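Participant: This one is upload_12.cif, mmCIF, C-alpha atoms.
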```cif
data_run
#
loop_
_atom_site.group_PDB
_atom_site.id
_atom_site.type_symbol
_atom_site.label_atom_id
_atom_site.label_comp_id
_atom_site.auth_asym_id
_atom_site.auth_seq_id
_atom_site.Cartn_x
_atom_site.Cartn_y
_atom_site.Cartn_z
ATOM 1 C CA MET A 1 -34.594 -50.723 -5.026
ATOM 2 C CA HIS A 2 -34.370 -53.095 -8.012
ATOM 3 C CA ARG A 3 -33.767 -56.634 -6.702
ATOM 4 C CA VAL A 4 -31.333 -58.774 -8.691
ATOM 5 C CA VAL A 5 -30.995 -62.449 -7.785
ATOM 6 C CA ALA A 6 -28.385 -64.752 -9.319
ATOM 7 C CA LEU A 7 -29.324 -68.426 -9.541
ATOM 8 C CA VAL A 8 -26.129 -70.410 -8.943
ATOM 9 C CA ARG A 9 -25.471 -74.126 -9.117
ATOM 10 C CA PRO A 10 -22.596 -76.541 -8.608
ATOM 11 C CA VAL A 11 -20.086 -76.181 -10.136
ATOM 12 C CA GLN A 12 -20.507 -72.410 -10.383
ATOM 13 C CA SER A 13 -18.267 -70.308 -12.634
ATOM 14 C CA THR A 14 -16.797 -67.517 -10.539
ATOM 15 C CA PHE A 15 -16.154 -65.176 -13.468
ATOM 16 C CA GLU A 16 -19.708 -65.173 -14.828
ATOM 17 C CA LEU A 17 -21.082 -64.645 -11.329
ATOM 18 C CA GLY A 18 -18.456 -61.952 -10.788
ATOM 19 C CA CYS A 19 -19.720 -60.000 -13.815
ATOM 20 C CA ALA A 20 -23.145 -59.725 -12.203
ATOM 21 C CA VAL A 21 -21.728 -58.942 -8.753
ATOM 22 C CA GLU A 22 -19.498 -56.160 -10.081
ATOM 23 C CA VAL A 23 -22.320 -54.431 -11.961
ATOM 24 C CA PHE A 24 -25.276 -54.988 -9.643
ATOM 25 C CA GLY A 25 -23.876 -55.887 -6.235
ATOM 26 C CA THR A 26 -20.790 -53.789 -5.521
ATOM 27 C CA GLU A 27 -21.084 -50.528 -3.602
ATOM 28 C CA ARG A 28 -18.791 -47.768 -4.836
ATOM 29 C CA PRO A 29 -18.130 -44.382 -3.206
ATOM 30 C CA GLY A 30 -19.865 -41.613 -5.100
ATOM 31 C CA VAL A 31 -21.956 -43.989 -7.202
ATOM 32 C CA PRO A 32 -25.678 -44.242 -6.364
ATOM 33 C CA GLN A 33 -26.736 -47.796 -5.460
ATOM 34 C CA HIS A 34 -29.860 -48.668 -7.453
ATOM 35 C CA TYR A 35 -29.704 -52.455 -7.097
ATOM 36 C CA ALA A 36 -29.897 -54.990 -4.274
ATOM 37 C CA PHE A 37 -27.983 -58.136 -5.218
ATOM 38 C CA GLU A 38 -28.465 -61.643 -3.801
ATOM 39 C CA THR A 39 -27.726 -65.239 -4.734
ATOM 40 C CA CYS A 40 -29.844 -68.351 -4.413
ATOM 41 C CA THR A 41 -29.553 -72.018 -5.284
ATOM 42 C CA GLU A 42 -31.845 -75.005 -5.430
ATOM 43 C CA THR A 43 -30.313 -76.637 -2.359
ATOM 44 C CA PRO A 44 -28.989 -74.000 0.072
ATOM 45 C CA GLY A 45 -25.583 -74.667 1.559
ATOM 46 C CA PRO A 46 -22.031 -74.961 0.180
ATOM 47 C CA VAL A 47 -21.872 -74.545 -3.617
ATOM 48 C CA PRO A 48 -18.610 -75.698 -5.268
ATOM 49 C CA THR A 49 -17.046 -73.289 -7.767
ATOM 50 C CA THR A 50 -14.728 -73.580 -10.738
ATOM 51 C CA ALA A 51 -12.059 -71.808 -8.654
ATOM 52 C CA GLY A 52 -11.788 -74.789 -6.312
ATOM 53 C CA TYR A 53 -13.501 -73.311 -3.271
ATOM 54 C CA ALA A 54 -17.104 -73.577 -2.109
ATOM 55 C CA MET A 55 -19.302 -70.580 -1.403
ATOM 56 C CA SER A 56 -22.095 -70.598 1.136
ATOM 57 C CA VAL A 57 -25.502 -69.788 -0.355
ATOM 58 C CA THR A 58 -28.245 -69.529 2.240
ATOM 59 C CA GLN A 59 -31.276 -68.778 0.051
ATOM 60 C CA GLY A 60 -33.320 -71.294 -1.906
ATOM 61 C CA LEU A 61 -35.484 -70.883 -4.998
ATOM 62 C CA SER A 62 -38.093 -68.901 -3.063
ATOM 63 C CA ALA A 63 -35.716 -65.924 -3.417
ATOM 64 C CA LEU A 64 -36.825 -65.706 -7.041
ATOM 65 C CA ASP A 65 -40.412 -64.990 -5.985
ATOM 66 C CA SER A 66 -39.691 -61.290 -5.478
ATOM 67 C CA ALA A 67 -36.769 -60.777 -7.882
ATOM 68 C CA ASP A 68 -37.012 -58.032 -10.485
ATOM 69 C CA THR A 69 -34.130 -59.538 -12.467
ATOM 70 C CA VAL A 70 -33.015 -63.171 -12.373
ATOM 71 C CA ILE A 71 -29.497 -63.880 -13.643
ATOM 72 C CA ILE A 72 -28.233 -67.328 -14.620
ATOM 73 C CA PRO A 73 -24.433 -66.795 -14.586
ATOM 74 C CA GLY A 74 -23.398 -69.869 -16.551
ATOM 75 C CA TRP A 75 -24.710 -73.436 -16.527
ATOM 76 C CA LEU A 76 -22.099 -76.185 -16.402
ATOM 77 C CA PRO A 77 -22.143 -78.771 -17.671
ATOM 78 C CA VAL A 78 -24.408 -77.355 -20.371
ATOM 79 C CA GLU A 79 -26.051 -80.759 -20.818
ATOM 80 C CA GLU A 80 -27.371 -80.692 -17.232
ATOM 81 C CA PRO A 81 -31.203 -80.739 -17.351
ATOM 82 C CA LEU A 82 -33.380 -78.412 -15.319
ATOM 83 C CA SER A 83 -35.012 -79.894 -12.265
ATOM 84 C CA ASP A 84 -38.757 -79.409 -12.018
ATOM 85 C CA GLY A 85 -38.183 -76.990 -9.155
ATOM 86 C CA VAL A 86 -35.802 -74.752 -11.093
ATOM 87 C CA ARG A 87 -37.961 -74.780 -14.225
ATOM 88 C CA HIS A 88 -41.075 -73.892 -12.246
ATOM 89 C CA ALA A 89 -39.290 -71.109 -10.346
ATOM 90 C CA LEU A 90 -37.942 -69.535 -13.551
ATOM 91 C CA LEU A 91 -41.282 -69.721 -15.355
ATOM 92 C CA LYS A 92 -43.098 -68.349 -12.327
ATOM 93 C CA ALA A 93 -40.683 -65.416 -12.046
ATOM 94 C CA HIS A 94 -41.051 -64.639 -15.748
ATOM 95 C CA ALA A 95 -44.843 -64.880 -15.613
ATOM 96 C CA ARG A 96 -45.065 -62.221 -12.900
ATOM 97 C CA GLY A 97 -42.801 -59.841 -14.850
ATOM 98 C CA ALA A 98 -39.208 -60.536 -13.794
ATOM 99 C CA ARG A 99 -36.644 -60.379 -16.577
ATOM 100 C CA LEU A 100 -34.465 -63.448 -17.032
ATOM 101 C CA VAL A 101 -30.842 -62.859 -18.003
ATOM 102 C CA THR A 102 -28.148 -65.375 -18.896
ATOM 103 C CA ILE A 103 -24.385 -65.046 -19.136
ATOM 104 C CA CYS A 104 -22.475 -67.362 -21.490
ATOM 105 C CA SER A 105 -23.595 -70.999 -21.006
ATOM 106 C CA GLY A 106 -26.557 -69.942 -18.844
ATOM 107 C CA VAL A 107 -28.558 -69.761 -22.067
ATOM 108 C CA PHE A 108 -28.825 -73.568 -22.057
ATOM 109 C CA ALA A 109 -30.824 -73.432 -18.828
ATOM 110 C CA LEU A 110 -33.095 -70.678 -20.124
ATOM 111 C CA ALA A 111 -33.634 -72.515 -23.414
ATOM 112 C CA ARG A 112 -34.896 -75.551 -21.476
ATOM 113 C CA THR A 113 -37.761 -73.462 -20.092
ATOM 114 C CA GLY A 114 -39.079 -72.891 -23.622
ATOM 115 C CA LEU A 115 -38.990 -69.115 -23.175
ATOM 116 C CA LEU A 116 -36.506 -68.729 -26.045
ATOM 117 C CA ASP A 117 -38.563 -70.713 -28.560
ATOM 118 C CA GLY A 118 -39.167 -68.599 -31.658
ATOM 119 C CA ARG A 119 -36.694 -65.979 -30.464
ATOM 120 C CA SER A 120 -33.054 -65.135 -31.031
ATOM 121 C CA ALA A 121 -30.298 -65.749 -28.497
ATOM 122 C CA THR A 122 -26.537 -65.887 -28.264
ATOM 123 C CA THR A 123 -23.868 -67.769 -26.348
ATOM 124 C CA HIS A 124 -20.127 -68.420 -26.475
ATOM 125 C CA TRP A 125 -19.125 -69.057 -30.104
ATOM 126 C CA ALA A 126 -17.715 -72.478 -29.210
ATOM 127 C CA ARG A 127 -21.159 -73.625 -28.004
ATOM 128 C CA ALA A 128 -23.286 -71.924 -30.654
ATOM 129 C CA GLU A 129 -23.630 -75.013 -32.853
ATOM 130 C CA GLN A 130 -24.573 -77.186 -29.872
ATOM 131 C CA LEU A 131 -27.225 -74.656 -28.828
ATOM 132 C CA ARG A 132 -28.595 -74.580 -32.367
ATOM 133 C CA ARG A 133 -28.632 -78.374 -32.582
ATOM 134 C CA GLU A 134 -30.316 -78.970 -29.213
ATOM 135 C CA PHE A 135 -32.852 -76.155 -29.507
ATOM 136 C CA PRO A 136 -33.853 -75.833 -33.183
ATOM 137 C CA ARG A 137 -36.673 -73.418 -32.315
ATOM 138 C CA VAL A 138 -34.129 -70.885 -31.035
ATOM 139 C CA THR A 139 -32.436 -68.602 -33.572
ATOM 140 C CA VAL A 140 -28.790 -68.615 -32.535
ATOM 141 C CA GLU A 141 -26.759 -65.483 -33.324
ATOM 142 C CA PRO A 142 -23.121 -66.247 -32.463
ATOM 143 C CA ASP A 143 -21.899 -62.885 -33.801
ATOM 144 C CA ARG A 144 -23.746 -60.932 -31.096
ATOM 145 C CA LEU A 145 -22.323 -59.818 -27.763
ATOM 146 C CA TYR A 146 -25.826 -59.971 -26.351
ATOM 147 C CA VAL A 147 -29.454 -60.260 -27.417
ATOM 148 C CA ASP A 148 -31.951 -58.334 -25.301
ATOM 149 C CA HIS A 149 -35.690 -58.899 -25.772
ATOM 150 C CA GLY A 150 -36.670 -56.951 -22.681
ATOM 151 C CA ASP A 151 -38.136 -59.841 -20.696
ATOM 152 C CA VAL A 152 -35.301 -62.252 -21.553
ATOM 153 C CA ALA A 153 -31.708 -61.486 -22.482
ATOM 154 C CA THR A 154 -28.650 -63.597 -23.306
ATOM 155 C CA SER A 155 -24.956 -62.818 -23.631
ATOM 156 C CA ALA A 156 -22.062 -64.413 -25.467
ATOM 157 C CA GLY A 157 -18.788 -65.512 -23.827
ATOM 158 C CA ALA A 158 -18.131 -64.595 -20.215
ATOM 159 C CA GLY A 159 -16.640 -61.143 -20.907
ATOM 160 C CA ALA A 160 -19.752 -60.181 -22.878
ATOM 161 C CA GLY A 161 -21.633 -60.549 -19.612
ATOM 162 C CA PHE A 162 -20.325 -57.107 -18.662
ATOM 163 C CA ASP A 163 -21.710 -55.677 -21.911
ATOM 164 C CA LEU A 164 -25.143 -57.151 -21.281
ATOM 165 C CA CYS A 165 -25.275 -56.163 -17.610
ATOM 166 C CA LEU A 166 -24.275 -52.596 -18.449
ATOM 167 C CA ARG A 167 -26.851 -52.588 -21.240
ATOM 168 C CA LEU A 168 -29.527 -53.429 -18.645
ATOM 169 C CA VAL A 169 -28.228 -50.690 -16.345
ATOM 170 C CA ARG A 170 -28.391 -48.224 -19.213
ATOM 171 C CA ARG A 171 -31.987 -49.227 -19.910
ATOM 172 C CA ASP A 172 -32.919 -48.985 -16.226
ATOM 173 C CA HIS A 173 -31.119 -45.781 -15.243
ATOM 174 C CA GLY A 174 -29.720 -44.123 -18.354
ATOM 175 C CA ALA A 175 -26.458 -43.944 -20.295
ATOM 176 C CA ALA A 176 -24.722 -41.568 -17.872
ATOM 177 C CA TYR A 177 -25.135 -43.919 -14.916
ATOM 178 C CA ALA A 178 -24.006 -46.935 -16.979
ATOM 179 C CA ALA A 179 -20.947 -44.995 -18.153
ATOM 180 C CA LEU A 180 -20.174 -44.019 -14.545
ATOM 181 C CA LEU A 181 -20.239 -47.684 -13.486
ATOM 182 C CA ALA A 182 -18.061 -48.675 -16.436
ATOM 183 C CA ARG A 183 -15.554 -45.958 -15.569
ATOM 184 C CA HIS A 184 -15.320 -47.185 -11.971
ATOM 185 C CA MET A 185 -14.700 -50.731 -13.238
ATOM 186 C CA VAL A 186 -12.099 -49.384 -15.700
ATOM 187 C CA LEU A 187 -14.085 -50.807 -18.612
ATOM 188 C CA PRO A 188 -14.628 -49.169 -22.009
ATOM 189 C CA PRO A 189 -17.999 -47.471 -22.496
ATOM 190 C CA PRO A 190 -20.804 -50.017 -22.990
ATOM 191 C CA ARG A 191 -21.087 -51.197 -26.588
ATOM 192 C CA GLU A 192 -24.593 -50.337 -27.677
ATOM 193 C CA ASP A 193 -25.349 -52.439 -30.757
ATOM 194 C CA GLY A 194 -24.423 -55.784 -29.212
ATOM 195 C CA ARG A 195 -22.446 -56.805 -32.258
ATOM 196 C CA ALA A 196 -18.929 -58.201 -32.376
ATOM 197 C CA PRO A 197 -16.993 -60.042 -35.049
ATOM 198 C CA ARG A 198 -17.311 -63.778 -34.638
ATOM 199 C CA ILE A 199 -14.174 -65.338 -33.220
ATOM 200 C CA PRO A 200 -13.048 -68.289 -35.331
ATOM 201 C CA PRO A 201 -12.838 -71.551 -33.401
ATOM 202 C CA ALA A 202 -9.241 -72.119 -34.464
ATOM 203 C CA PRO A 203 -6.992 -69.277 -35.612
ATOM 204 C CA PRO A 204 -4.937 -70.076 -38.686
ATOM 205 C CA VAL A 205 -1.383 -71.238 -38.113
ATOM 206 C CA ASP A 206 1.180 -69.504 -40.277
ATOM 207 C CA ALA A 207 4.742 -68.227 -40.208
ATOM 208 C CA LEU A 208 3.704 -65.387 -37.892
ATOM 209 C CA ASP A 209 3.061 -67.915 -35.104
ATOM 210 C CA ASP A 210 6.644 -69.126 -35.389
ATOM 211 C CA LEU A 211 7.884 -65.548 -35.279
ATOM 212 C CA LEU A 212 5.912 -64.739 -32.131
ATOM 213 C CA LYS A 213 7.265 -67.817 -30.369
ATOM 214 C CA TRP A 214 10.805 -67.081 -31.560
ATOM 215 C CA ALA A 215 10.624 -63.480 -30.345
ATOM 216 C CA ASP A 216 9.082 -64.460 -27.005
ATOM 217 C CA GLU A 217 12.070 -66.699 -26.327
ATOM 218 C CA ARG A 218 14.502 -63.842 -27.047
ATOM 219 C CA LEU A 219 12.998 -60.898 -25.160
ATOM 220 C CA GLY A 220 16.256 -60.435 -23.274
ATOM 221 C CA THR A 221 18.153 -59.691 -26.471
ATOM 222 C CA PRO A 222 18.112 -56.338 -28.288
ATOM 223 C CA LEU A 223 15.449 -57.387 -30.802
ATOM 224 C CA SER A 224 14.240 -54.749 -33.228
ATOM 225 C CA VAL A 225 11.418 -54.585 -35.745
ATOM 226 C CA ASP A 226 14.031 -55.092 -38.470
ATOM 227 C CA ASP A 227 15.103 -58.313 -36.724
ATOM 228 C CA LEU A 228 11.505 -59.547 -36.704
ATOM 229 C CA ALA A 229 11.096 -58.734 -40.391
ATOM 230 C CA ALA A 230 14.377 -60.439 -41.238
ATOM 231 C CA TYR A 231 13.270 -63.615 -39.439
ATOM 232 C CA LEU A 232 10.270 -63.853 -41.780
ATOM 233 C CA GLY A 233 12.213 -62.661 -44.775
ATOM 234 C CA VAL A 234 9.854 -59.756 -45.408
ATOM 235 C CA SER A 235 10.135 -55.980 -45.362
ATOM 236 C CA PRO A 236 9.275 -54.033 -42.186
ATOM 237 C CA ARG A 237 6.256 -52.615 -44.044
ATOM 238 C CA THR A 238 4.961 -56.092 -44.906
ATOM 239 C CA LEU A 239 5.549 -57.200 -41.339
ATOM 240 C CA ALA A 240 3.584 -54.216 -40.034
ATOM 241 C CA ARG A 241 0.691 -55.110 -42.325
ATOM 242 C CA ARG A 242 0.654 -58.720 -41.115
ATOM 243 C CA PHE A 243 0.677 -57.637 -37.471
ATOM 244 C CA ALA A 244 -2.148 -55.159 -38.088
ATOM 245 C CA ASP A 245 -4.259 -57.750 -39.911
ATOM 246 C CA ARG A 246 -3.668 -60.563 -37.460
ATOM 247 C CA LEU A 247 -3.093 -58.891 -34.091
ATOM 248 C CA GLY A 248 -4.456 -55.374 -34.509
ATOM 249 C CA THR A 249 -1.199 -53.779 -33.403
ATOM 250 C CA SER A 250 2.257 -52.881 -34.680
ATOM 251 C CA PRO A 251 5.372 -55.099 -34.325
ATOM 252 C CA GLY A 252 7.068 -52.548 -32.055
ATOM 253 C CA ASP A 253 4.029 -52.190 -29.814
ATOM 254 C CA TRP A 254 3.631 -55.967 -29.579
ATOM 255 C CA LEU A 255 7.289 -56.390 -28.655
ATOM 256 C CA LEU A 256 7.069 -53.730 -25.953
ATOM 257 C CA SER A 257 3.896 -55.286 -24.551
ATOM 258 C CA ARG A 258 5.585 -58.673 -24.268
ATOM 259 C CA ARG A 259 8.597 -57.118 -22.513
ATOM 260 C CA VAL A 260 6.419 -55.323 -19.993
ATOM 261 C CA ALA A 261 4.410 -58.518 -19.423
ATOM 262 C CA ALA A 262 7.627 -60.435 -18.776
ATOM 263 C CA ALA A 263 8.743 -57.706 -16.354
ATOM 264 C CA ARG A 264 5.455 -57.989 -14.467
ATOM 265 C CA THR A 265 5.975 -61.730 -14.045
ATOM 266 C CA LEU A 266 9.502 -61.232 -12.735
ATOM 267 C CA LEU A 267 8.339 -58.528 -10.325
ATOM 268 C CA GLU A 268 5.665 -60.860 -8.980
ATOM 269 C CA GLU A 269 7.717 -64.042 -8.775
ATOM 270 C CA THR A 270 11.334 -63.023 -8.067
ATOM 271 C CA ASP A 271 13.391 -60.713 -5.872
ATOM 272 C CA LEU A 272 15.547 -59.552 -8.779
ATOM 273 C CA PRO A 273 16.384 -55.840 -8.655
ATOM 274 C CA VAL A 274 14.715 -53.614 -11.226
ATOM 275 C CA GLU A 275 18.003 -53.132 -13.099
ATOM 276 C CA ALA A 276 18.396 -56.903 -13.548
ATOM 277 C CA ILE A 277 14.789 -57.289 -14.656
ATOM 278 C CA ALA A 278 15.241 -54.500 -17.212
ATOM 279 C CA ALA A 279 18.212 -56.344 -18.690
ATOM 280 C CA ARG A 280 16.450 -59.697 -18.648
ATOM 281 C CA VAL A 281 13.411 -58.421 -20.604
ATOM 282 C CA GLY A 282 15.416 -56.389 -23.098
ATOM 283 C CA LEU A 283 14.618 -52.900 -21.830
ATOM 284 C CA GLY A 284 18.246 -52.089 -21.074
ATOM 285 C CA SER A 285 18.114 -49.967 -17.944
ATOM 286 C CA ALA A 286 16.026 -49.431 -14.835
ATOM 287 C CA VAL A 287 15.201 -45.914 -16.063
ATOM 288 C CA ASN A 288 13.835 -47.234 -19.347
ATOM 289 C CA LEU A 289 11.907 -50.005 -17.612
ATOM 290 C CA ARG A 290 10.305 -47.555 -15.172
ATOM 291 C CA ARG A 291 9.288 -45.233 -17.985
ATOM 292 C CA ARG A 292 7.864 -47.981 -20.195
ATOM 293 C CA PHE A 293 6.253 -49.805 -17.268
ATOM 294 C CA ARG A 294 4.485 -46.724 -15.957
ATOM 295 C CA ALA A 295 3.212 -45.834 -19.440
ATOM 296 C CA ARG A 296 1.723 -49.318 -19.832
ATOM 297 C CA THR A 297 0.398 -50.023 -16.355
ATOM 298 C CA GLY A 298 -0.082 -46.636 -14.709
ATOM 299 C CA THR A 299 2.210 -47.531 -11.812
ATOM 300 C CA THR A 300 5.894 -48.034 -11.051
ATOM 301 C CA PRO A 301 7.707 -51.393 -10.920
ATOM 302 C CA GLY A 302 8.280 -50.939 -7.180
ATOM 303 C CA ALA A 303 4.628 -50.200 -6.415
ATOM 304 C CA TYR A 304 3.542 -53.069 -8.628
ATOM 305 C CA ARG A 305 5.856 -55.488 -6.815
ATOM 306 C CA ARG A 306 4.573 -54.379 -3.403
ATOM 307 C CA ALA A 307 0.985 -54.923 -4.507
ATOM 308 C CA PHE A 308 1.350 -58.201 -6.378
ATOM 309 C CA ARG A 309 4.435 -59.938 -5.066
ATOM 310 C CA VAL A 310 3.790 -63.665 -4.714
ATOM 311 C CA PRO A 311 4.972 -64.901 -1.300
#
```
As a first step, turn the structure in this file into structure tokens.

Facilitator:
Amino acid sequence: MHRVVALVRPVQSTFELGCAVEVFGTERPGVPQHYAFETCTETPGPVPTTAGYAMSVTQGLSALDSADTVIIPGWLPVEEPLSDGVRHALLKAHARGARLVTICSGVFALARTGLLDGRSATTHWARAEQLRREFPRVTVEPDRLYVDHGDVATSAGAGAGFDLCLRLVRRDHGAAYAALLARHMVLPPPREDGRAPRIPPAPPVDALDDLLKWADERLGTPLSVDDLAAYLGVSPRTLARRFADRLGTSPGDWLLSRRVAAARTLLEETDLPVEAIAARVGLGSAVNLRRRFRARTGTTPGAYRRAFRVP
């Protein structure tokens, strides 16, 4: 059994840790379990998290002595130095053949060991320049979802942690097993080249932003694509091109998505009947809402409310 150990620290990001837990530490019916997952920390005991609760971690750094894979699921604040104990434990694990894997900001901890010197790595695009500035011997590739050197691997923003973890699964146990895990997690098939377009730090502000805000405030009215085009003073064809270029979708599909999202919120937070919710989000009737809702979410408004109703 391949032993995966996540090194956590206060304040631990729950999402980055969750990526590793979902891929390596969650048992699923009908899916062979090839990994044993554990967590450790420098000082065992309660470890605060970004979600506001503390988790109890009973194992110390000695857990890394027999790990096959060590995961650093984020490192916040990124300026936090490594203690001598953590640095020694990571270097010792690497020296005996364990692979060291980072998710998002965890790369800052790995870079402080020196193991990334002369190699390429990636991180969240918003921290790429800081990583490059603080570690000039590391080649930073912000347009990569992950960079895998075999013995060390890094991933970009938190969501890319899934891509990297599934990449490691694919390398360990083949593409079919990785695809099976992805299917159980309702994720797209693992992206194999590790490349993704770089996300700009600040999207451009233009008239389309005003349109989106204007439409969001009027979901309860019978808005049409022609109405959206008229607001911008462009033809429906030009509007469709702008939506495709900027949002990767059509105006009609965007409008429907926003209406279904608004319906979900009302189902969770109110006791309004389905008919009233349909009218409030601009879908006209309960029949239309049920049809559109099921097509988008795979369930009915009633079942969704029972599952996610906020007390």

Participant: Mind giving me the straight-line distance from CA of Arg3 in chain A to CA of Ala63 in chain A in Å, one decimal?

Facilitator: 10.0 Å

Participant: Running the PyMOL selection byres ((chain A and resi 282) around 6) on this model by hand, what would come out? Give it as a list in words.

Facilitator: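 Output of the PyMOL selection byres ((chain A and resi 282) around 6): Leu219, Gly220, Thr221, Pro222, Ala279, Arg280, Val281, Leu283 and Gly284 of chain A.
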
Participant: Using all atoms listed in the file, which residue out of A:His94, A:Asp84, A:Val4, A:Gly52 lies closest to Ala20 in chain A?

Facilitator: A:Val4

Participant: Counting all atoms listed in the file, find the residues whose atoms lie at most 10 Å from (2.7, -52.2, -35.2) (file coordinates) and write them out as a ChimeraX atom specification.

Facilitator: /A:225,236-237,239-244,247-255

Participant: Hey, can you check how far CA of Arg167 in chain A sits from CA of Gln12 in chain A?

Facilitator: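 About the pair CA of Arg167 in chain A and CA of Gln12 in chain A: they are 23.5 Å apart.
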
Participant: Would you mind listing what lies within 12 Å of Ala176 in chain A as number ranges by chain, with only C-alpha atoms counted and same-chain residues fewer than 6 positions away left out?

Facilitator: A: 31-32, 166-167, 169-170, 182-183, 189-190

Participant: Got a sec to resolve the PyMOL selection byres ((chain A and resi 113) around 9) on this structure and send the residues as a PDB file with C-alpha atoms, keeping the file's coordinate frame?

Facilitator:
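As written to disk, selection.pdb reads:
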```pdb
ATOM      1  CA  LEU A  82     -33.380 -78.412 -15.319  1.00  0.00           C
ATOM      2  CA  ARG A  87     -37.961 -74.780 -14.225  1.00  0.00           C
ATOM      3  CA  HIS A  88     -41.075 -73.892 -12.246  1.00  0.00           C
ATOM      4  CA  LEU A  90     -37.942 -69.535 -13.551  1.00  0.00           C
ATOM      5  CA  LEU A  91     -41.282 -69.721 -15.355  1.00  0.00           C
ATOM      6  CA  ALA A 109     -30.824 -73.432 -18.828  1.00  0.00           C
ATOM      7  CA  LEU A 110     -33.095 -70.678 -20.124  1.00  0.00           C
ATOM      8  CA  ALA A 111     -33.634 -72.515 -23.414  1.00  0.00           C
ATOM      9  CA  ARG A 112     -34.896 -75.551 -21.476  1.00  0.00           C
ATOM     10  CA  GLY A 114     -39.079 -72.891 -23.622  1.00  0.00           C
ATOM     11  CA  LEU A 115     -38.990 -69.115 -23.175  1.00  0.00           C
ATOM     12  CA  LEU A 116     -36.506 -68.729 -26.045  1.00  0.00           C
ATOM     13  CA  ASP A 117     -38.563 -70.713 -28.560  1.00  0.00           C
TER      14      ASP A 117
END
```

Participant: Which protein, DNA or RNA residues have an atom at most 12 Å from (1.4, -48.6, -19.7), counting all atoms listed in the file? List them as a list in words.

Facilitator: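 Counting all atoms listed in the file, I find these residues within 12 Å of (1.4, -48.6, -19.7): Asp253, Leu256, Ser257, Arg258, Arg259, Val260, Ala261, Arg264, Leu289, Arg290, Arg291, Arg292, Phe293, Arg294, Ala295, Arg296, Thr297, Gly298, Thr299, Thr300 and Pro301 of chain A.
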
Participant: Deliver the residues from the most recent selection as a file, using C-alpha atoms, as a PDB file, in the coordinates of the input.

Facilitator:
```pdb
ATOM      1  CA  ASP A 253       4.029 -52.190 -29.814  1.00  0.00           C
ATOM      2  CA  LEU A 256       7.069 -53.730 -25.953  1.00  0.00           C
ATOM      3  CA  SER A 257       3.896 -55.286 -24.551  1.00  0.00           C
ATOM      4  CA  ARG A 258       5.585 -58.673 -24.268  1.00  0.00           C
ATOM      5  CA  ARG A 259       8.597 -57.118 -22.513  1.00  0.00           C
ATOM      6  CA  VAL A 260       6.419 -55.323 -19.993  1.00  0.00           C
ATOM      7  CA  ALA A 261       4.410 -58.518 -19.423  1.00  0.00           C
ATOM      8  CA  ARG A 264       5.455 -57.989 -14.467  1.00  0.00           C
ATOM      9  CA  LEU A 289      11.907 -50.005 -17.612  1.00  0.00           C
ATOM     10  CA  ARG A 290      10.305 -47.555 -15.172  1.00  0.00           C
ATOM     11  CA  ARG A 291       9.288 -45.233 -17.985  1.00  0.00           C
ATOM     12  CA  ARG A 292       7.864 -47.981 -20.195  1.00  0.00           C
ATOM     13  CA  PHE A 293       6.253 -49.805 -17.268  1.00  0.00           C
ATOM     14  CA  ARG A 294       4.485 -46.724 -15.957  1.00  0.00           C
ATOM     15  CA  ALA A 295       3.212 -45.834 -19.440  1.00  0.00           C
ATOM     16  CA  ARG A 296       1.723 -49.318 -19.832  1.00  0.00           C
ATOM     17  CA  THR A 297       0.398 -50.023 -16.355  1.00  0.00           C
ATOM     18  CA  GLY A 298      -0.082 -46.636 -14.709  1.00  0.00           C
ATOM     19  CA  THR A 299       2.210 -47.531 -11.812  1.00  0.00           C
ATOM     20  CA  THR A 300       5.894 -48.034 -11.051  1.00  0.00           C
ATOM     21  CA  PRO A 301       7.707 -51.393 -10.920  1.00  0.00           C
TER      22      PRO A 301
END
```

Participant: Would you kindly translate the PyMOL selection byres ((chain A and resi 37-40) around 7) into the concrete residues it picks from this file, as a PDB file with C-alpha atoms, in the coordinates of the input?

Facilitator:
```
ATOM      1  CA  ARG A   3     -33.767 -56.634  -6.702  1.00  0.00           C
ATOM      2  CA  VAL A   4     -31.333 -58.774  -8.691  1.00  0.00           C
ATOM      3  CA  VAL A   5     -30.995 -62.449  -7.785  1.00  0.00           C
ATOM      4  CA  ALA A   6     -28.385 -64.752  -9.319  1.00  0.00           C
ATOM      5  CA  LEU A   7     -29.324 -68.426  -9.541  1.00  0.00           C
ATOM      6  CA  VAL A   8     -26.129 -70.410  -8.943  1.00  0.00           C
ATOM      7  CA  PHE A  24     -25.276 -54.988  -9.643  1.00  0.00           C
ATOM      8  CA  GLY A  25     -23.876 -55.887  -6.235  1.00  0.00           C
ATOM      9  CA  TYR A  35     -29.704 -52.455  -7.097  1.00  0.00           C
ATOM     10  CA  ALA A  36     -29.897 -54.990  -4.274  1.00  0.00           C
ATOM     11  CA  THR A  41     -29.553 -72.018  -5.284  1.00  0.00           C
ATOM     12  CA  VAL A  57     -25.502 -69.788  -0.355  1.00  0.00           C
ATOM     13  CA  THR A  58     -28.245 -69.529   2.240  1.00  0.00           C
ATOM     14  CA  GLN A  59     -31.276 -68.778   0.051  1.00  0.00           C
ATOM     15  CA  GLY A  60     -33.320 -71.294  -1.906  1.00  0.00           C
ATOM     16  CA  LEU A  61     -35.484 -70.883  -4.998  1.00  0.00           C
ATOM     17  CA  ALA A  63     -35.716 -65.924  -3.417  1.00  0.00           C
TER      18      ALA A  63
END
```

Participant: For a quick check of understanding, using all atoms listed in the file, which of A:Leu17, A:Leu181, A:Ala207, A:Ala93 has the smallest distance to Ser105 in chain A?

Facilitator: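 Nearest to Ser105 in chain A: A:Leu17.
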
Participant: I need the residue nearest His34 in chain A from this list: A:Arg9, A:His2, A:Lys213, A:Arg119. Use all atoms listed in the file for the distance.

Facilitator: A:His2
